[in-house]
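Undergrad: Encoded as structure tokens, here's the structure I'll be asking about.
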Amino acid sequence: MNRLFIGVVICFLLTDCNKKKDIEENIPYIVSKERKGKITGNDTIPPSYPIPGWLVYGTNTFIIDSDTTMYYFQRPAIGMICGTPTADTIPHFINLHPKDLILLSNKNIYQFIKLNYKDDFRNVTYIASKSDTINSKAFFDLKKSIISFTKYRDIYIVRRTTQEEDTVLKYKKGSEYYNSEDIKWDKNRITFPFSKPKLQNK
């Protein structure tokens with residue numbers, strides 16, 4: 001009788017813990033407060049450090065658009081990442097185009113990551129949101145899927161969207177012709193290392 005009782009209590013506690021874990025995993029994520037991600041390896045940037053402008057996009061970037069949809073674009077491989085803080089934290093211009101953004105549904109996000117994540121180089125993943133508070137199913141499903149495929153030296157970080165991402169996504173959704181030279185870029189939000197586009201102060 002005592003063994004049966006103890007068994008029932010253990011099962012109850014385990015079930016209760018799992019429920020609490022699920023609740024904790026799905027609590028709203030506030031980017032400005034958290035500023036952290038899955039960090040592995042010994043030569044990665046600590047999550048509390050400002051992100052260098054050239055590293056803002058990583059190799060994989062997911063843009064949370066709504067509770068059920070998101071966009072994705074990929075960049076070239078990244079080598080060793082130094083952990084030294086840098087003053088160059090304004091996102092660099094990467095010449096992103098509407099055609100580069102792939103529309104995804106969170107219904108097949110696990111399979112998408114499984115097919116597109118590579119084992120032959122470091123995956124530096126960013127989850128970007130226009131909102132400071134993220135509380136969507138798409139975000140929770142995406143985060144769980146990324147963790148499932150994170151290996152040694154991979155990292156993922158959650159951040160706000162950049163001006164370039166916001167602009168290109170707007171043209172993508174509106175099916176409008178996009179030319180980066182026609183945009184009045186804010187020099188406080190974007191850096192052009194090799195060109196002089198139209199800039200505006202805010």
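Residues are referred to by chain and number: the chain letter is A, B, ... according to the order shown in the structure tokens, the number counts from 1 in that chain, and ligands are numbered separately from 1 in the order shown.
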Pick out the residues sitting within 9 Å of A:Ile109, and hand them over as a ChimeraX atom specification; count only C-alpha atoms, and ignore anything fewer than 5 positions along from it in its own chain.

TA: /A:104,114,138,141-142,145

Undergrad: Ranking A:Glu34, A:Glu165, A:Asp182, A:Asp154 by minimum distance to A:Lys118 and counting only C-alpha atoms, which one comes first?

TA: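 Smallest distance to A:Lys118 is found for A:Asp154.
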
Undergrad: Do you have, as a Markdown table, the list of residues of stretch 81-136 of chain A lying at most 6 Å from stretch 69-76 of chain A, each with its nearest atom pair and that distance in Å to one decimal, counting only C-alpha atoms and ordered by chain then number?

TA:
| residue | atom | partner | partner_atom | distance |
| --- | --- | --- | --- | --- |
| A:Asp100 | CA | A:Phe73 | CA | 5.9 |
| A:Leu101 | CA | A:Phe73 | CA | 5.3 |
| A:Ile102 | CA | A:Tyr72 | CA | 5.1 |
| A:Leu103 | CA | A:Tyr71 | CA | 4.6 |
| A:Leu104 | CA | A:Met70 | CA | 5.3 |
| A:Ser105 | CA | A:Thr69 | CA | 4.8 |

Undergrad: Using only C-alpha atoms, pick whichever of A:Trp185, A:Tyr57, A:Tyr110, A:Tyr152 has the shortest atom-to-atom distance to A:Phe140.

TA: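 Looking only at the distances to A:Phe140, the closest residue turns out to be A:Tyr110.
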
Undergrad: If we count only C-alpha atoms and set the cut-off at 8 Å, which residues sit around A:Lys130, ignoring sequence neighbours fewer than 3 positions away in its own chain? Please answer as number ranges by chain.

TA: A: 64-65, 160-161, 166

Undergrad: Could you check how far atom CA of A:Asp67 sits from atom CA of A:Lys144, in Å to one decimal?

TA: 15.3 Å

Undergrad: Between atom CA of A:Asn106 and atom CA of A:Ser129, what is the distance in Å, rounded to a tenth?

TA: 15.0 Å

Undergrad: Check the smallest atom-to-atom distance from each of A:Thr68, A:Ser148, A:Gln163, A:Ser175 to A:Lys187 using only C-alpha atoms, then report the winner.

TA: A:Gln163

Undergrad: Report, in Å to a single decimal, how far apart atom CA of A:Ile127 and atom CA of A:Leu169 are.

TA: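 For atom CA of A:Leu169 relative to atom CA of A:Ile127, the distance reads 14.7 Å.
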
Undergrad: Write down as number ranges by chain the residues belonging to stretch 82-147 of chain A that are assigned helix (DSSP H, G or I) by DSSP computed on the backbone.

TA: A: 98-100, 109-116, 137-147

Undergrad: Store the residues picked out above in a file with N, CA and C atoms, as a PDB file, in the first residue's frame.

TA:
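Result file out23.pdb:
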ATOM      1  N   PRO A  98      13.901  41.479 -51.286  1.00  0.00           N
ATOM      2  CA  PRO A  98      12.657  40.738 -51.023  1.00  0.00           C
ATOM      3  C   PRO A  98      12.722  39.279 -51.457  1.00  0.00           C
ATOM      4  N   LYS A  99      13.406  38.997 -52.568  1.00  0.00           N
ATOM      5  CA  LYS A  99      13.489  37.621 -53.064  1.00  0.00           C
ATOM      6  C   LYS A  99      14.290  36.713 -52.126  1.00  0.00           C
ATOM      7  N   ASP A 100      15.101  37.325 -51.247  1.00  0.00           N
ATOM      8  CA  ASP A 100      15.920  36.546 -50.312  1.00  0.00           C
ATOM      9  C   ASP A 100      15.102  36.012 -49.137  1.00  0.00           C
ATOM     10  N   ILE A 109       8.178  23.988 -39.443  1.00  0.00           N
ATOM     11  CA  ILE A 109       9.451  24.603 -39.109  1.00  0.00           C
ATOM     12  C   ILE A 109      10.508  23.581 -38.711  1.00  0.00           C
ATOM     13  N   TYR A 110      10.116  22.525 -38.010  1.00  0.00           N
ATOM     14  CA  TYR A 110      11.077  21.502 -37.580  1.00  0.00           C
ATOM     15  C   TYR A 110      11.731  20.845 -38.794  1.00  0.00           C
ATOM     16  N   GLN A 111      10.919  20.458 -39.763  1.00  0.00           N
ATOM     17  CA  GLN A 111      11.440  19.817 -40.970  1.00  0.00           C
ATOM     18  C   GLN A 111      12.301  20.782 -41.779  1.00  0.00           C
ATOM     19  N   PHE A 112      11.912  22.048 -41.803  1.00  0.00           N
ATOM     20  CA  PHE A 112      12.683  23.039 -42.550  1.00  0.00           C
ATOM     21  C   PHE A 112      14.084  23.166 -41.968  1.00  0.00           C
ATOM     22  N   ILE A 113      14.187  23.263 -40.649  1.00  0.00           N
ATOM     23  CA  ILE A 113      15.493  23.381 -40.000  1.00  0.00           C
ATOM     24  C   ILE A 113      16.305  22.101 -40.214  1.00  0.00           C
ATOM     25  N   LYS A 114      15.655  20.984 -40.122  1.00  0.00           N
ATOM     26  CA  LYS A 114      16.326  19.690 -40.316  1.00  0.00           C
ATOM     27  C   LYS A 114      16.963  19.614 -41.703  1.00  0.00           C
ATOM     28  N   LEU A 115      16.283  20.130 -42.707  1.00  0.00           N
ATOM     29  CA  LEU A 115      16.774  20.060 -44.080  1.00  0.00           C
ATOM     30  C   LEU A 115      17.817  21.139 -44.397  1.00  0.00           C
ATOM     31  N   ASN A 116      17.754  22.281 -43.693  1.00  0.00           N
ATOM     32  CA  ASN A 116      18.610  23.407 -44.054  1.00  0.00           C
ATOM     33  C   ASN A 116      19.792  23.671 -43.129  1.00  0.00           C
ATOM     34  N   LYS A 137       3.143  31.510 -30.885  1.00  0.00           N
ATOM     35  CA  LYS A 137       3.384  30.075 -31.051  1.00  0.00           C
ATOM     36  C   LYS A 137       4.542  29.842 -32.013  1.00  0.00           C
ATOM     37  N   ALA A 138       4.625  30.667 -33.045  1.00  0.00           N
ATOM     38  CA  ALA A 138       5.700  30.536 -34.022  1.00  0.00           C
ATOM     39  C   ALA A 138       7.059  30.644 -33.334  1.00  0.00           C
ATOM     40  N   PHE A 139       7.195  31.588 -32.403  1.00  0.00           N
ATOM     41  CA  PHE A 139       8.455  31.780 -31.691  1.00  0.00           C
ATOM     42  C   PHE A 139       8.794  30.577 -30.824  1.00  0.00           C
ATOM     43  N   PHE A 140       7.828  30.101 -30.040  1.00  0.00           N
ATOM     44  CA  PHE A 140       8.081  28.968 -29.148  1.00  0.00           C
ATOM     45  C   PHE A 140       8.437  27.706 -29.934  1.00  0.00           C
ATOM     46  N   ASP A 141       7.719  27.456 -31.024  1.00  0.00           N
ATOM     47  CA  ASP A 141       8.002  26.285 -31.857  1.00  0.00           C
ATOM     48  C   ASP A 141       9.374  26.404 -32.511  1.00  0.00           C
ATOM     49  N   LEU A 142       9.699  27.596 -32.974  1.00  0.00           N
ATOM     50  CA  LEU A 142      10.985  27.832 -33.625  1.00  0.00           C
ATOM     51  C   LEU A 142      12.135  27.616 -32.642  1.00  0.00           C
ATOM     52  N   LYS A 143      12.000  28.159 -31.450  1.00  0.00           N
ATOM     53  CA  LYS A 143      13.062  28.036 -30.454  1.00  0.00           C
ATOM     54  C   LYS A 143      13.321  26.576 -30.096  1.00  0.00           C
ATOM     55  N   LYS A 144      12.254  25.813 -29.900  1.00  0.00           N
ATOM     56  CA  LYS A 144      12.409  24.391 -29.569  1.00  0.00           C
ATOM     57  C   LYS A 144      13.078  23.634 -30.709  1.00  0.00           C
ATOM     58  N   SER A 145      12.718  23.968 -31.942  1.00  0.00           N
ATOM     59  CA  SER A 145      13.296  23.282 -33.097  1.00  0.00           C
ATOM     60  C   SER A 145      14.775  23.606 -33.245  1.00  0.00           C
ATOM     61  N   ILE A 146      15.141  24.868 -33.033  1.00  0.00           N
ATOM     62  CA  ILE A 146      16.543  25.271 -33.140  1.00  0.00           C
ATOM     63  C   ILE A 146      17.385  24.548 -32.099  1.00  0.00           C
ATOM     64  N   ILE A 147      16.886  24.484 -30.879  1.00  0.00           N
ATOM     65  CA  ILE A 147      17.612  23.810 -29.805  1.00  0.00           C
ATOM     66  C   ILE A 147      17.842  22.344 -30.161  1.00  0.00           C
TER      67      ILE A 147
END

Undergrad: Under the rule that only C-alpha atoms are counted, which of A:Ile190, A:Ile155, A:Val56, A:Ile30 is the nearest residue to A:Thr133?

TA: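 Result for the nearest residue to A:Thr133: A:Ile30.
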
Undergrad: With only C-alpha atoms as the basis for distance, which of A:Phe93, A:Asn108, A:Tyr126, A:Phe121 is at the shortest distance from A:Glu181?

TA: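 Ranked by minimum distance to A:Glu181, first place goes to A:Phe93.
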